[in-house]
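First comes the structure, then the notes that go with it.
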Protein chains: 2
Amino acid sequence: MKRVTAAVFGLMLIGGVSFSPAVYARSADAPAINLPSDYRDWKLISVAHEAGALNDIRAILGNDAAVAAYRSGAQTFPDGAMIVRVAWAYTPSEENNRSFGREQSFVAGAPTNIQLMIKDAEKFKATGGWGYAQFADANASNSVKDSVNQCFHCHQAVQSRDYLFTRYAR
Amino acid sequence: MKRVTAAVFGLMLIGGVSFSPAVYARSADAPAINLPSDYRDWKLISVAHEAGALNDIRAILGNDAAVAAYRSGAQTFPDGAMIVRVAWAYTPSEENNRSFGREQSFVAGAPTNIQLMIKDAEKFKATGGWGYAQFADANASNSVKDSVNQCFHCHQAVQSRDYLFTRYAR
């Protein structure tokens, strides 16, 4: 069951599933993570669409430190690098389809939730040097209670890229 | 035939189709449009997926003037506002799918082309105050030869939003 739980909840940065607070009680010594107020101004790293239960369209943005690391091909991201995943409901655009003359256009609908990775090799050493957080919206607090099982478990699959699934889109 | 041509080529900012240079000869007095070198640093406006022949995933970015106008709900964008559409091949991610345990993830593959709108009410008064351009890549020159028929024709459908199809994704 633990394995299933990890598989379901683990891939926070590309998953974004919700979970029951009853299952995960945040450990008393878990570092607090807040969403920086300027995240929506960060630079674009890439875009993606997740079908299935998520059914969202998303952008991955980075602060200057993260984007510089991506662009330079850094193997390890520096402390202070932050990456945010913003997502919206995957929504057909009737307006665009009328102009195209066929049903082909999908745009960002209502926002879903926001996820954040923040690099601090010492502070988050239990999870590869990254802190993981999820926010219901820009004013919400972090809902991740157990970042090892909810996030880090799946991100270990890309340890060779400093645990980052997203590749920079040039 | 003219109508069909406009319908096919018109929606440059969300369309991005190619065309034959033989069909459109740029008029001698058409203003030159270059792609600003820092476009990839601009802020995110929204994201979209175009299925069908385009089959891309895209981000729409804006310079500070454009993003400020979007965020303030401006009815008319100021001179100097610039909006760029960057797009990549819509590509399944086997890596992400392995972590999700199902085929659901689509990411940015190879870049396709880049489109630009630039506001100058006087310079581009024949096309609603916007100049339209398309670039094969960041080093290419503008390939739009007839922005009235290739671009403006379809953008007139959204004249009430200053000819912008894309809405800001909050």
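Letters for chains follow the order of the structure tokens (A, B, ...), residue numbers begin at 1 for each chain, and ligand numbers begin at 1 in the order shown.
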Within 8 Å of Thr76 (chain A), counting only C-alpha atoms, which residues qualify if same-chain residues fewer than 3 places away don't, as a PyMOL selection string? chain A and resi 69+161-162
Alpha helix (DSSP H) call set, DSSP backbone run, region 37-105 of chain B, as an NGL selection string: :B and (64-72 or 94-100)
Please produce a file of the residues just selected, as a compact mmCIF listing (two decimals), in the first residue's frame, where the atoms kept are N, CA and C atoms.
# COMPACT_ATOMS: atom_id res chain seq x y z
N ASP B 64 7.02 43.59 -20.97
CA ASP B 64 6.41 44.20 -19.79
C ASP B 64 5.18 45.02 -20.13
N ALA B 65 5.22 45.75 -21.24
CA ALA B 65 4.07 46.59 -21.61
C ALA B 65 2.85 45.73 -21.93
N ALA B 66 3.06 44.62 -22.60
CA ALA B 66 1.93 43.75 -22.96
C ALA B 66 1.35 43.07 -21.72
N VAL B 67 2.22 42.57 -20.86
CA VAL B 67 1.74 41.86 -19.66
C VAL B 67 1.03 42.83 -18.72
N ALA B 68 1.55 44.03 -18.58
CA ALA B 68 0.88 45.03 -17.74
C ALA B 68 -0.51 45.33 -18.30
N ALA B 69 -0.63 45.43 -19.61
CA ALA B 69 -1.93 45.70 -20.23
C ALA B 69 -2.90 44.55 -19.99
N TYR B 70 -2.40 43.33 -20.18
CA TYR B 70 -3.26 42.16 -19.90
C TYR B 70 -3.73 42.17 -18.45
N ARG B 71 -2.80 42.34 -17.53
CA ARG B 71 -3.15 42.23 -16.11
C ARG B 71 -4.10 43.32 -15.65
N SER B 72 -4.03 44.47 -16.31
CA SER B 72 -4.90 45.58 -15.92
C SER B 72 -6.24 45.52 -16.64
N GLU B 94 7.74 9.57 -22.83
CA GLU B 94 7.79 8.21 -22.30
C GLU B 94 8.32 8.20 -20.88
N GLU B 95 9.25 9.11 -20.62
CA GLU B 95 9.83 9.19 -19.27
C GLU B 95 8.76 9.55 -18.24
N ASN B 96 8.00 10.58 -18.54
CA ASN B 96 6.93 10.96 -17.61
C ASN B 96 5.88 9.86 -17.49
N ASN B 97 5.54 9.25 -18.62
CA ASN B 97 4.52 8.21 -18.60
C ASN B 97 4.93 7.03 -17.72
N ARG B 98 6.21 6.71 -17.74
CA ARG B 98 6.68 5.63 -16.86
C ARG B 98 6.42 5.98 -15.40
N SER B 99 6.67 7.22 -15.04
CA SER B 99 6.45 7.62 -13.65
C SER B 99 4.97 7.69 -13.29
N PHE B 100 4.17 8.11 -14.24
CA PHE B 100 2.73 8.15 -13.99
C PHE B 100 2.11 6.76 -14.03
Distance filter 9 Å, only C-alpha atoms, chain B against chain A, as number ranges by chain: B: 7-8, 10-11, 14-15, 40-44, 46-55, 57-59, 61, 88, 90, 95-96, 99-111, 154-155, 157-158, 165-170
Considering only C-alpha atoms, return as a compact mmCIF listing (two decimals) with C-alpha atoms, in the first residue's frame whatever protein or nucleic-acid residues lie within 9 Å of Ala121 (chain B), sequence-local ones (same chain, fewer than 3 positions apart) excluded.
# COMPACT_ATOMS: atom_id res chain seq x y z
CA PRO B 78 -0.19 50.63 -25.73
CA ASP B 79 2.36 51.24 -28.44
CA PHE B 124 0.47 49.39 -38.44
CA LYS B 125 -2.84 51.20 -38.82
CA THR B 127 -3.88 45.97 -39.52
CA GLY B 128 -5.58 47.29 -36.41
CA GLY B 129 -2.43 48.85 -34.99
CA TRP B 130 -0.57 45.58 -34.74
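Residues of region 97-157 of chain B that DSSP places in strand (DSSP E), based on the backbone of this structure, are Ser105, Phe106, Val107, Ala108, Gly109, Ala110, Pro111, Thr112, Asn113, Ile114, Gln115, Leu116, Met117, Ile118, Lys119, Trp130, Gly131, Tyr132, Ala133, Gln134 and Phe135 of chain B.
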Result of fitting chain A to chain B over every paired C-alpha, as a PDB file with C-alpha atoms, in the first residue's frame:
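Dumped everything to result_22.pdb:
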ATOM      1  CA  MET A   1      -9.917  31.419 -53.506  1.00  0.00           C
ATOM      2  CA  LYS A   2      -8.849  34.582 -51.775  1.00  0.00           C
ATOM      3  CA  ARG A   3     -11.294  33.848 -48.996  1.00  0.00           C
ATOM      4  CA  VAL A   4      -9.958  30.345 -48.578  1.00  0.00           C
ATOM      5  CA  THR A   5      -6.408  31.653 -48.571  1.00  0.00           C
ATOM      6  CA  ALA A   6      -7.242  34.125 -45.867  1.00  0.00           C
ATOM      7  CA  ALA A   7      -9.008  31.501 -43.806  1.00  0.00           C
ATOM      8  CA  VAL A   8      -6.056  29.152 -44.045  1.00  0.00           C
ATOM      9  CA  PHE A   9      -3.273  31.637 -43.499  1.00  0.00           C
ATOM     10  CA  GLY A  10      -5.023  34.319 -41.579  1.00  0.00           C
ATOM     11  CA  LEU A  11      -4.709  33.215 -37.996  1.00  0.00           C
ATOM     12  CA  MET A  12      -0.991  33.666 -37.688  1.00  0.00           C
ATOM     13  CA  LEU A  13      -0.826  34.055 -33.953  1.00  0.00           C
ATOM     14  CA  ILE A  14      -2.656  30.863 -33.254  1.00  0.00           C
ATOM     15  CA  GLY A  15      -2.164  29.248 -36.645  1.00  0.00           C
ATOM     16  CA  GLY A  16       1.446  29.365 -37.591  1.00  0.00           C
ATOM     17  CA  VAL A  17       1.014  27.699 -40.935  1.00  0.00           C
ATOM     18  CA  SER A  18       3.573  28.171 -43.625  1.00  0.00           C
ATOM     19  CA  PHE A  19       2.855  29.658 -47.018  1.00  0.00           C
ATOM     20  CA  SER A  20       4.418  30.088 -50.411  1.00  0.00           C
ATOM     21  CA  PRO A  21       6.465  33.268 -50.904  1.00  0.00           C
ATOM     22  CA  ALA A  22       5.293  33.140 -54.515  1.00  0.00           C
ATOM     23  CA  VAL A  23       1.744  33.876 -53.392  1.00  0.00           C
ATOM     24  CA  TYR A  24       2.588  36.908 -51.277  1.00  0.00           C
ATOM     25  CA  ALA A  25       5.103  39.493 -52.360  1.00  0.00           C
ATOM     26  CA  ARG A  26       5.783  41.947 -49.538  1.00  0.00           C
ATOM     27  CA  SER A  27       4.698  45.413 -50.502  1.00  0.00           C
ATOM     28  CA  ALA A  28       7.596  47.836 -50.714  1.00  0.00           C
ATOM     29  CA  ASP A  29       6.208  50.065 -47.938  1.00  0.00           C
ATOM     30  CA  ALA A  30       5.504  47.261 -45.431  1.00  0.00           C
ATOM     31  CA  PRO A  31       7.258  48.075 -42.129  1.00  0.00           C
ATOM     32  CA  ALA A  32      10.101  45.700 -41.284  1.00  0.00           C
ATOM     33  CA  ILE A  33       9.627  43.664 -38.090  1.00  0.00           C
ATOM     34  CA  ASN A  34      12.464  41.998 -36.230  1.00  0.00           C
ATOM     35  CA  LEU A  35      12.292  39.532 -33.355  1.00  0.00           C
ATOM     36  CA  PRO A  36      13.631  41.157 -30.176  1.00  0.00           C
ATOM     37  CA  SER A  37      16.641  39.253 -28.899  1.00  0.00           C
ATOM     38  CA  ASP A  38      15.218  38.930 -25.373  1.00  0.00           C
ATOM     39  CA  TYR A  39      11.805  37.467 -26.302  1.00  0.00           C
ATOM     40  CA  ARG A  40      12.550  34.195 -24.496  1.00  0.00           C
ATOM     41  CA  ASP A  41      12.872  36.154 -21.232  1.00  0.00           C
ATOM     42  CA  TRP A  42       9.386  37.661 -21.452  1.00  0.00           C
ATOM     43  CA  LYS A  43       6.633  36.804 -19.013  1.00  0.00           C
ATOM     44  CA  LEU A  44       4.056  34.110 -19.528  1.00  0.00           C
ATOM     45  CA  ILE A  45       0.617  35.147 -20.768  1.00  0.00           C
ATOM     46  CA  SER A  46      -0.848  31.685 -21.378  1.00  0.00           C
ATOM     47  CA  VAL A  47      -0.348  28.264 -22.920  1.00  0.00           C
ATOM     48  CA  ALA A  48      -2.233  26.289 -25.554  1.00  0.00           C
ATOM     49  CA  HIS A  49      -2.259  23.120 -27.607  1.00  0.00           C
ATOM     50  CA  GLU A  50      -3.187  23.100 -31.261  1.00  0.00           C
ATOM     51  CA  ALA A  51      -4.051  19.654 -32.566  1.00  0.00           C
ATOM     52  CA  GLY A  52      -4.621  18.829 -36.230  1.00  0.00           C
ATOM     53  CA  ALA A  53      -2.034  19.790 -38.816  1.00  0.00           C
ATOM     54  CA  LEU A  54      -0.180  22.085 -36.416  1.00  0.00           C
ATOM     55  CA  ASN A  55       0.076  19.477 -33.648  1.00  0.00           C
ATOM     56  CA  ASP A  56       2.046  21.764 -31.367  1.00  0.00           C
ATOM     57  CA  ILE A  57       2.167  22.895 -27.754  1.00  0.00           C
ATOM     58  CA  ARG A  58       2.818  26.578 -27.265  1.00  0.00           C
ATOM     59  CA  ALA A  59       3.417  29.416 -24.888  1.00  0.00           C
ATOM     60  CA  ILE A  60       2.386  33.008 -25.387  1.00  0.00           C
ATOM     61  CA  LEU A  61       4.795  35.459 -23.765  1.00  0.00           C
ATOM     62  CA  GLY A  62       4.648  39.226 -23.489  1.00  0.00           C
ATOM     63  CA  ASN A  63       7.064  42.056 -22.861  1.00  0.00           C
ATOM     64  CA  ASP A  64       6.450  44.208 -19.788  1.00  0.00           C
ATOM     65  CA  ALA A  65       4.098  46.583 -21.606  1.00  0.00           C
ATOM     66  CA  ALA A  66       1.951  43.749 -22.937  1.00  0.00           C
ATOM     67  CA  VAL A  67       1.779  41.861 -19.640  1.00  0.00           C
ATOM     68  CA  ALA A  68       0.907  45.037 -17.719  1.00  0.00           C
ATOM     69  CA  ALA A  69      -1.901  45.706 -20.194  1.00  0.00           C
ATOM     70  CA  TYR A  70      -3.227  42.183 -19.865  1.00  0.00           C
ATOM     71  CA  ARG A  71      -3.106  42.234 -16.080  1.00  0.00           C
ATOM     72  CA  SER A  72      -4.863  45.591 -15.866  1.00  0.00           C
ATOM     73  CA  GLY A  73      -7.587  44.487 -18.270  1.00  0.00           C
ATOM     74  CA  ALA A  74      -6.708  47.217 -20.756  1.00  0.00           C
ATOM     75  CA  GLN A  75      -9.124  47.529 -23.661  1.00  0.00           C
ATOM     76  CA  THR A  76      -6.418  48.846 -25.947  1.00  0.00           C
ATOM     77  CA  PHE A  77      -2.775  47.877 -25.714  1.00  0.00           C
ATOM     78  CA  PRO A  78      -0.150  50.645 -25.706  1.00  0.00           C
ATOM     79  CA  ASP A  79       2.380  51.252 -28.422  1.00  0.00           C
ATOM     80  CA  GLY A  80       5.433  49.119 -27.739  1.00  0.00           C
ATOM     81  CA  ALA A  81       3.455  46.141 -26.416  1.00  0.00           C
ATOM     82  CA  MET A  82       4.805  42.926 -27.912  1.00  0.00           C
ATOM     83  CA  ILE A  83       3.453  39.406 -27.742  1.00  0.00           C
ATOM     84  CA  VAL A  84       5.339  36.349 -28.934  1.00  0.00           C
ATOM     85  CA  ARG A  85       4.023  32.869 -29.561  1.00  0.00           C
ATOM     86  CA  VAL A  86       6.640  30.134 -29.232  1.00  0.00           C
ATOM     87  CA  ALA A  87       5.678  26.581 -30.193  1.00  0.00           C
ATOM     88  CA  TRP A  88       7.137  23.129 -30.130  1.00  0.00           C
ATOM     89  CA  ALA A  89       6.134  19.757 -31.538  1.00  0.00           C
ATOM     90  CA  TYR A  90       3.519  18.131 -29.316  1.00  0.00           C
ATOM     91  CA  THR A  91       5.521  15.165 -28.072  1.00  0.00           C
ATOM     92  CA  PRO A  92       4.583  12.254 -25.792  1.00  0.00           C
ATOM     93  CA  SER A  93       6.961  11.865 -22.845  1.00  0.00           C
ATOM     94  CA  GLU A  94       7.780   8.212 -22.305  1.00  0.00           C
ATOM     95  CA  GLU A  95       9.827   9.192 -19.285  1.00  0.00           C
ATOM     96  CA  ASN A  96       6.936  10.971 -17.611  1.00  0.00           C
ATOM     97  CA  ASN A  97       4.526   8.213 -18.596  1.00  0.00           C
ATOM     98  CA  ARG A  98       6.687   5.625 -16.862  1.00  0.00           C
ATOM     99  CA  SER A  99       6.480   7.608 -13.640  1.00  0.00           C
ATOM    100  CA  PHE A 100       2.751   8.151 -13.972  1.00  0.00           C
ATOM    101  CA  GLY A 101       2.220   4.508 -14.874  1.00  0.00           C
ATOM    102  CA  ARG A 102       0.075   5.471 -17.865  1.00  0.00           C
ATOM    103  CA  GLU A 103       0.289   7.344 -21.146  1.00  0.00           C
ATOM    104  CA  GLN A 104      -0.859  10.822 -20.366  1.00  0.00           C
ATOM    105  CA  SER A 105       2.068  13.216 -20.641  1.00  0.00           C
ATOM    106  CA  PHE A 106       2.826  15.485 -23.597  1.00  0.00           C
ATOM    107  CA  VAL A 107       5.740  17.885 -23.573  1.00  0.00           C
ATOM    108  CA  ALA A 108       7.559  20.360 -25.815  1.00  0.00           C
ATOM    109  CA  GLY A 109       9.602  18.649 -28.524  1.00  0.00           C
ATOM    110  CA  ALA A 110      11.491  20.324 -31.358  1.00  0.00           C
ATOM    111  CA  PRO A 111      10.670  24.009 -31.860  1.00  0.00           C
ATOM    112  CA  THR A 112       8.360  24.811 -34.779  1.00  0.00           C
ATOM    113  CA  ASN A 113       8.363  28.548 -35.414  1.00  0.00           C
ATOM    114  CA  ILE A 114       7.951  31.869 -33.624  1.00  0.00           C
ATOM    115  CA  GLN A 115       5.262  34.497 -34.155  1.00  0.00           C
ATOM    116  CA  LEU A 116       5.205  38.083 -33.008  1.00  0.00           C
ATOM    117  CA  MET A 117       2.650  40.865 -32.666  1.00  0.00           C
ATOM    118  CA  ILE A 118       3.923  44.371 -32.018  1.00  0.00           C
ATOM    119  CA  LYS A 119       1.677  47.320 -31.267  1.00  0.00           C
ATOM    120  CA  ASP A 120       2.207  50.628 -33.045  1.00  0.00           C
ATOM    121  CA  ALA A 121      -1.132  52.267 -33.759  1.00  0.00           C
ATOM    122  CA  GLU A 122       0.247  54.573 -36.424  1.00  0.00           C
ATOM    123  CA  LYS A 123       2.810  52.357 -38.090  1.00  0.00           C
ATOM    124  CA  PHE A 124       0.451  49.401 -38.404  1.00  0.00           C
ATOM    125  CA  LYS A 125      -2.853  51.208 -38.771  1.00  0.00           C
ATOM    126  CA  ALA A 126      -3.815  49.041 -41.773  1.00  0.00           C
ATOM    127  CA  THR A 127      -3.916  45.978 -39.488  1.00  0.00           C
ATOM    128  CA  GLY A 128      -5.584  47.282 -36.351  1.00  0.00           C
ATOM    129  CA  GLY A 129      -2.452  48.863 -34.933  1.00  0.00           C
ATOM    130  CA  TRP A 130      -0.590  45.576 -34.707  1.00  0.00           C
ATOM    131  CA  GLY A 131       2.317  44.384 -36.811  1.00  0.00           C
ATOM    132  CA  TYR A 132       2.451  40.635 -37.414  1.00  0.00           C
ATOM    133  CA  ALA A 133       5.522  38.532 -38.060  1.00  0.00           C
ATOM    134  CA  GLN A 134       6.616  34.935 -38.218  1.00  0.00           C
ATOM    135  CA  PHE A 135      10.154  33.614 -37.868  1.00  0.00           C
ATOM    136  CA  ALA A 136      11.347  30.102 -38.688  1.00  0.00           C
ATOM    137  CA  ASP A 137      13.680  30.439 -35.699  1.00  0.00           C
ATOM    138  CA  ALA A 138      15.239  33.136 -33.545  1.00  0.00           C
ATOM    139  CA  ASN A 139      17.785  33.973 -36.258  1.00  0.00           C
ATOM    140  CA  ALA A 140      15.403  34.071 -39.218  1.00  0.00           C
ATOM    141  CA  SER A 141      13.808  37.109 -40.798  1.00  0.00           C
ATOM    142  CA  ASN A 142      10.080  37.780 -40.889  1.00  0.00           C
ATOM    143  CA  SER A 143       8.361  35.535 -43.416  1.00  0.00           C
ATOM    144  CA  VAL A 144       4.981  37.287 -43.391  1.00  0.00           C
ATOM    145  CA  LYS A 145       4.466  38.984 -46.742  1.00  0.00           C
ATOM    146  CA  ASP A 146       0.848  40.099 -46.550  1.00  0.00           C
ATOM    147  CA  SER A 147      -0.209  40.661 -42.959  1.00  0.00           C
ATOM    148  CA  VAL A 148      -3.691  41.834 -43.954  1.00  0.00           C
ATOM    149  CA  ASN A 149      -4.636  38.518 -45.519  1.00  0.00           C
ATOM    150  CA  GLN A 150      -2.285  36.209 -43.659  1.00  0.00           C
ATOM    151  CA  CYS A 151      -2.932  37.561 -40.171  1.00  0.00           C
ATOM    152  CA  PHE A 152      -5.318  40.434 -39.722  1.00  0.00           C
ATOM    153  CA  HIS A 153      -8.185  38.782 -41.567  1.00  0.00           C
ATOM    154  CA  CYS A 154      -8.729  36.245 -38.782  1.00  0.00           C
ATOM    155  CA  HIS A 155      -7.739  38.518 -35.889  1.00  0.00           C
ATOM    156  CA  GLN A 156     -10.676  40.761 -36.765  1.00  0.00           C
ATOM    157  CA  ALA A 157     -12.855  38.122 -35.110  1.00  0.00           C
ATOM    158  CA  VAL A 158     -11.520  39.388 -31.758  1.00  0.00           C
ATOM    159  CA  GLN A 159     -11.469  43.107 -32.506  1.00  0.00           C
ATOM    160  CA  SER A 160     -13.216  43.764 -29.182  1.00  0.00           C
ATOM    161  CA  ARG A 161     -10.130  42.447 -27.349  1.00  0.00           C
ATOM    162  CA  ASP A 162      -7.730  44.545 -29.395  1.00  0.00           C
ATOM    163  CA  TYR A 163      -7.389  41.686 -31.893  1.00  0.00           C
ATOM    164  CA  LEU A 164      -5.845  39.312 -29.350  1.00  0.00           C
ATOM    165  CA  PHE A 165      -7.041  35.721 -29.281  1.00  0.00           C
ATOM    166  CA  THR A 166      -5.051  34.804 -26.201  1.00  0.00           C
ATOM    167  CA  ARG A 167      -6.503  35.602 -22.778  1.00  0.00           C
ATOM    168  CA  TYR A 168      -4.234  36.036 -19.781  1.00  0.00           C
ATOM    169  CA  ALA A 169      -4.041  32.896 -17.611  1.00  0.00           C
ATOM    170  CA  ARG A 170      -4.124  33.849 -13.940  1.00  0.00           C
TER     171      ARG A 170
END
